[in-house]
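Asks: Mind having a look at this structure? Questions to follow.
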Amino acid sequence: MAVTARPARWHRNLSAKIAAIPMIATALVVFVGGTAWTVLYSFTNSKLLPRQKFVGLDQYERLWGSAKWIISIQNLAIYGAFSLVFALVVGFLLAALLDQKIRFEDTFRTIFLYPFALSFIVTGLAWQWILNPDFGVQAVVRGMGFESFTFDPLYNPDIVIYGVLIAGLWHETGLIMCLMLAGLRGIDEDIWKAARVDGIPVWKTYLFIVIPMMRGIFVTAVVLIASGIIKVYDLIVAQTGGGPGISSEVPAKYVYDAMFLSQNLGQGFAASTMMLLSVIIVVVPWAYLEFGGKARRV
Amino acid sequence: MSDTIIIKEKPLTYSAAQAARDMSGTATPAGEKGSRVSEGPSGSKPEKTLSRRNIILYGTLIVVALYYLLPLYVMVVTSMKGMPEIRLGNIFAPPMEVTFEPWVKAWSEACTGLNCDGLSRGFLNSVQILVPSVILSIIIASVNGYALANWKFKGGELFFTILIVGAFIPYQVMIYPIVIMLREIGLYGSLTGLVIVHTIFGMPILTLLFRNYFASMPEELFKAARVDGAGFWQIYFRIMLPMSLPIFVVAIILQVTGIWNDFLFGVIFTKPDLYPMTVQLNNIVNSTQGVIEYNVNMAATILTGLVPLSVYFVSGKLFVRGIAAGAVKG
């Protein structure tokens with residue numbers, strides 16, 4: 001173990017490098033190599049097994065010609081837009097409420113955050129049960145005398161994705177609230193004092209002073225929600241299984257189905273490459289903004 | 001550009017900052033009405049309990065809290081009812097006759113379509129996946145973080161950057177190459193293979209966590225040990241490890257909940273009889289055959305959620321620290 005007994009430079013480097021082998025292997029082989037491999041093979045006509053028969057953009061043409069993929073993308077867009085807006089707004093409002101020096105703050109925070117500890121499978125199944133038209137909310141409201149009341153998002157292809165959204169928001173808002181609360185606690189007290197002295201109403205202080213100051217937190221929250229959105233898979237599998245029909249399909253599920261159920265590897269690779277592309281579109285500008293000045297930090 | 005730094009460190013310090021604020025005795029800044037400006041610095045209980053503001057504030061919070069608790073309540077209540085009562089009654093009503101039979105059935109008899117020994121098999125599988133995955137991923141990541149923070153070597157930062165960027169790549173992009181690699185070494189479909197996968201995908205966030213923690217330790221400590229002739233592993237085991245227990249606890253919380261809740265890797269990298277609990281739960285509940293027993297389904301759902309929930313309720317603030325650190329992972 002006394003590799004570094006002498007302070008020779010290469011010795012020191014050596015032991016650190018040996019220790020970092022798993023990291024280097026993961027970074028190079030899995031993250032870089034795996035990604036490059038998938039992108040490369042998305043240009044082949046692989047079916048059951050990966051084959052090196054290149055067919056150009058055929059897979060992508062078929063992908064964008066497939067109704068299932070188009071629906072997946074639409075669902076992702078709806079789910080994404082709504083969950084971004086609602087998670088940010090509700091998360092911030094809850095955090096602002098909790099930041100009023102209230103009693104039982106820990107209790108409330110514990111309640112708002114616990115769904116995040118549960119898996120998407122558990123979340124999806126719980127909401128599947130609550131939204132069950134024969135026994136859940138719809139049945140209860142009908143039982144109260146409103147016979148024509150209809151609320152069956154999971155069985156209606158037009159609104160099924162909103163049913164999933166309800167569960168998704170329940171799961172993630174607590175996390176956003178925690179981030180926002182941390183951000184609010186980071187605002188200097190003097191800011192609040194100054195705003196009060198100037199007679200600025202509380203809501204204006206929040207809107208025009210505090211929120212702009214929390215820009216970093218908001219950016220992190222957006223990146224966090226966005227990368228969660230693209231990964232949505234378990235929730236769909238548990239809550240709707242992609243149904244009714246194919247009305248609640250999402251890209252992550254499309255990839256899984258193509259690769260492991262319908263033996264259509266090429267489609268899976270092309271679809272996952274599209275997912276990668278969308279992440280790049282979101283993450284690169286953010287990384288540029290946030291880490292552009294990296295040299296100045298640390 | 002110091003925003004990101006704030007994000008990473010805020011959750012680690014905000015309770016202390018809060019405490020400091022509480023102790024300083026100044027009036028709360030956040031969102032209070034102008035009328036409180038004139039108050040002296042008495043701090044903790046500035047208003048009448050039943051002011052209009054408080055009623056609205058607590059009213060809103062309680063309503064939202066009830067909404068958040070609703071699914072858990074419905075699951076627990078449903079799991080304790082018999083099927084006749086479920087068919088006739090209201091899902092929000094408490095059980096008229098409490099029965100634990102659905103729980104027993106969910107644990108030991110429920111059918112997944114392949115076998116009928118309930119969730120117990122999935123639970124054992126999940127434990128067998130969880131324990132080695134957590135240990136292995138934390139050992140590797142802590143040594144990585146230590147090497148990156150204290151033994152800077154050429155290229156280290158580059159690989160680290162790749163690792164962090166890699167955390168943003170959708171898993172779907174890397175899954176199939178991993179399937180091929182595991183198949184080549186004969187581990188595809190085995191628990192060992194899944195443990196490796198969890199270790200790989202846990203590495204970015206854990207390495208970041210440990211690197212930042214070790215980097216924040218006083219450098220003199222490390223230098224003094226070097227002067228005394230301690231080597232790489234000696235410093236790690238004798239100095240760094242004993243001083244970094246809190247961050248290990250955070251990492252354990254992060255990994256236990258993350259790995260227990262995993263579904264995607266479980267379903268891809270294991271065979272049906274080795275499926276983790278989440279996959280088995282989904283198979284039990286969403287299997288189309290036979291009469292659907294909602295009470296058994298809900299009991300099974302709660303059973304699966306029990307492990308991360310207990311971790312959450314026991315660990316409290318540390319969990320928040322863990323997810324705030326994990327927040328960077330995205």
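The chains in the structure tokens are called A, B, ... from first to last as shown; in each chain the residues are counted from 1, and the ligands are counted from 1 in the order shown.
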Near segment 273-280 of chain B, counting only C-alpha atoms, which residues have an atom at most 7 Å away, once you skip same-chain residues fewer than 4 positions from it, shown as a ChimeraX atom specification?
Replies: /A:121 /B:112,119,122-123,125-126,261,263,266-267,284,304
Asks: Just write the chosen residues, N, CA and C atoms, as a CSV table (one decimal), in the first residue's frame.
Replies:
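Result file is part.csv:
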```csv
chain,number,residue,atom,x,y,z
A,121,ILE,N,-43.3,4.0,-10.0
A,121,ILE,CA,-44.2,2.9,-10.1
A,121,ILE,C,-45.3,3.0,-9.0
B,112,THR,N,-47.8,-12.8,-10.4
B,112,THR,CA,-47.3,-11.9,-11.4
B,112,THR,C,-47.5,-12.3,-12.8
B,119,LEU,N,-44.9,-10.7,-3.4
B,119,LEU,CA,-43.8,-9.7,-3.5
B,119,LEU,C,-42.6,-10.1,-2.7
B,122,GLY,N,-39.6,-10.5,-4.9
B,122,GLY,CA,-39.1,-9.3,-5.4
B,122,GLY,C,-38.4,-8.5,-4.3
B,123,PHE,N,-38.9,-8.6,-3.0
B,123,PHE,CA,-38.3,-8.0,-1.9
B,123,PHE,C,-36.9,-8.5,-1.7
B,125,ASN,N,-35.0,-10.1,-3.9
B,125,ASN,CA,-34.2,-9.7,-5.0
B,125,ASN,C,-33.7,-8.3,-4.9
B,126,SER,N,-34.6,-7.4,-4.5
B,126,SER,CA,-34.3,-6.0,-4.3
B,126,SER,C,-33.2,-5.8,-3.3
B,261,ASN,N,-36.0,2.3,-5.9
B,261,ASN,CA,-37.1,2.8,-6.8
B,261,ASN,C,-36.8,2.6,-8.3
B,263,PHE,N,-36.7,1.1,-11.9
B,263,PHE,CA,-37.5,0.2,-12.6
B,263,PHE,C,-36.9,-0.2,-13.9
B,266,GLY,N,-33.9,-2.5,-13.8
B,266,GLY,CA,-34.3,-3.8,-13.3
B,266,GLY,C,-35.0,-4.7,-14.4
B,267,VAL,N,-35.8,-4.0,-15.2
B,267,VAL,CA,-36.6,-4.7,-16.2
B,267,VAL,C,-35.7,-5.1,-17.3
B,284,ILE,N,-47.6,-7.5,-10.9
B,284,ILE,CA,-48.8,-8.0,-10.1
B,284,ILE,C,-50.0,-7.1,-10.4
B,304,THR,N,-44.1,-1.9,-1.3
B,304,THR,CA,-42.9,-1.5,-2.1
B,304,THR,C,-42.4,-0.2,-1.8
```
Asks: With chain B as the partner and 6 Å as the cut-off, tabulate the residues of chain A that qualify, each row holding the nearest pair of atoms and their distance in Å to one decimal, using only C-alpha atoms, sorted by chain and rising number, as JSON lines.
Replies:
```
{"residue": "A:Ala2", "atom": "CA", "partner": "B:Gly231", "partner_atom": "CA", "distance": 5.7}
{"residue": "A:Thr4", "atom": "CA", "partner": "B:Gly231", "partner_atom": "CA", "distance": 4.9}
{"residue": "A:Asn13", "atom": "CA", "partner": "B:Phe153", "partner_atom": "CA", "distance": 5.5}
{"residue": "A:Ala16", "atom": "CA", "partner": "B:Ala147", "partner_atom": "CA", "distance": 5.2}
{"residue": "A:Ala20", "atom": "CA", "partner": "B:Asn144", "partner_atom": "CA", "distance": 5.3}
{"residue": "A:Ile24", "atom": "CA", "partner": "B:Phe159", "partner_atom": "CA", "distance": 6.0}
{"residue": "A:Ala27", "atom": "CA", "partner": "B:Leu163", "partner_atom": "CA", "distance": 5.2}
{"residue": "A:Phe31", "atom": "CA", "partner": "B:Gly166", "partner_atom": "CA", "distance": 5.6}
{"residue": "A:Gly34", "atom": "CA", "partner": "B:Met174", "partner_atom": "CA", "distance": 5.1}
{"residue": "A:Thr35", "atom": "CA", "partner": "B:Met174", "partner_atom": "CA", "distance": 5.6}
{"residue": "A:Gln100", "atom": "CA", "partner": "B:Ala30", "partner_atom": "CA", "distance": 5.8}
{"residue": "A:Ala117", "atom": "CA", "partner": "B:Pro308", "partner_atom": "CA", "distance": 5.8}
{"residue": "A:Leu118", "atom": "CA", "partner": "B:Gly305", "partner_atom": "CA", "distance": 5.7}
{"residue": "A:Ser119", "atom": "CA", "partner": "B:Asn261", "partner_atom": "CA", "distance": 4.6}
{"residue": "A:Val122", "atom": "CA", "partner": "B:Thr301", "partner_atom": "CA", "distance": 5.7}
{"residue": "A:Val140", "atom": "CA", "partner": "B:Asn90", "partner_atom": "CA", "distance": 5.9}
{"residue": "A:Glu189", "atom": "CA", "partner": "B:Pro29", "partner_atom": "CA", "distance": 5.7}
{"residue": "A:Trp192", "atom": "CA", "partner": "B:Pro29", "partner_atom": "CA", "distance": 5.2}
{"residue": "A:Val202", "atom": "CA", "partner": "B:Gly31", "partner_atom": "CA", "distance": 5.4}
{"residue": "A:Gly216", "atom": "CA", "partner": "B:Asp3", "partner_atom": "CA", "distance": 4.8}
{"residue": "A:Leu224", "atom": "CA", "partner": "B:Gly330", "partner_atom": "CA", "distance": 4.6}
{"residue": "A:Ser227", "atom": "CA", "partner": "B:Gly330", "partner_atom": "CA", "distance": 5.7}
{"residue": "A:Ser272", "atom": "CA", "partner": "B:Val173", "partner_atom": "CA", "distance": 5.2}
```
Asks: DSSP on the backbone, alpha helix (DSSP H) only: what residues of segment 47-268 of chain A does that give? Format it as a ChimeraX atom specification.
Replies: /A:58-65,67-98,105-117,120-130,137-143,160-185,189-197,202-204,211-213,215-231,234-239,251-256,265-268
Asks: Can you tell me which residues surround Trp107 of chain B at a distance of at most 6 Å, considering only C-alpha atoms, apart from same-chain residues fewer than 2 positions away, and format the answer as a ChimeraX atom specification?
Replies: /B:104-105,118-120
Asks: Quick one: everything within 7 Å of segment 123-134 of chain A, counting only C-alpha atoms, minus sequence neighbours fewer than 4 positions away in the same chain. Send it as a list in words.
Replies: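 Answer for this query is Leu118, Ser119, Gln138, Ala139, Phe151, Asp152, Leu154, Ala167, His171, Leu235, Ala238 and Gln239 of chain A; Pro71 and Met75 of chain B.
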Asks: Residues within 9 Å of Gln263 of chain A, please, as a list in words. Count only C-alpha atoms; anything in the same chain fewer than 6 positions from it doesn't count.
Replies: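 So the residues in contact are Ser46, Lys47, Leu48, Leu49 and Asp257 of chain A.
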Asks: By how many Å are atom CA of Phe120 of chain A and atom CA of Ile229 of chain A apart?
Replies: 12.4 Å
Asks: Contacts of Val39 of chain A at 10 Å or less, counting only C-alpha atoms, minus same-chain residues fewer than 2 places along, as a short mmCIF file (atom, residue, chain, number, x, y, z; two decimals) with C-alpha atoms, in the first residue's frame?
Replies:
```cif
data_model
loop_
_atom_site.label_atom_id
_atom_site.label_comp_id
_atom_site.auth_asym_id
_atom_site.auth_seq_id
_atom_site.Cartn_x
_atom_site.Cartn_y
_atom_site.Cartn_z
CA GLY A 33 -18.24 4.92 -26.28
CA GLY A 34 -21.79 3.78 -25.62
CA THR A 35 -23.30 7.01 -26.87
CA ALA A 36 -21.17 7.03 -30.01
CA TRP A 37 -22.03 3.39 -30.65
CA TYR A 41 -25.88 2.18 -35.21
CA SER A 42 -28.92 4.41 -35.58
CA PHE A 43 -27.83 4.68 -39.22
CA THR A 44 -28.00 0.91 -39.75
CA PHE A 269 -31.29 3.60 -31.65
CA ALA A 270 -32.76 6.31 -33.85
CA ALA A 271 -35.37 7.21 -31.24
CA SER A 272 -32.81 7.32 -28.44
CA THR A 273 -30.55 9.48 -30.59
CA MET A 274 -33.45 11.90 -30.99
CA LEU A 276 -30.13 12.71 -26.90
CA VAL B 173 -28.84 6.01 -25.37
CA MET B 174 -26.39 3.89 -23.38
#
```
Asks: In Å, how far is it from atom CA of Pro212 of chain A to atom CA of Leu209 of chain B?
Replies: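 About the pair atom CA of Pro212 of chain A and atom CA of Leu209 of chain B: they are 27.7 Å apart.
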Asks: Excluding Ala258 of chain A and residues on its chain fewer than 4 positions from it, collect all residues at most 9 Å away from it, counting only C-alpha atoms, and give them as an MDAnalysis selection string.
Replies: chainID A and resid 253:254 262:269 271
Asks: Which one is closest to Ile247 of chain B: B:Ser51, B:Asn115, B:Ser287, B:Asn212? Count only C-alpha atoms.
Replies: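 Ranked by minimum distance to Ile247 of chain B, first place goes to B:Asn212.
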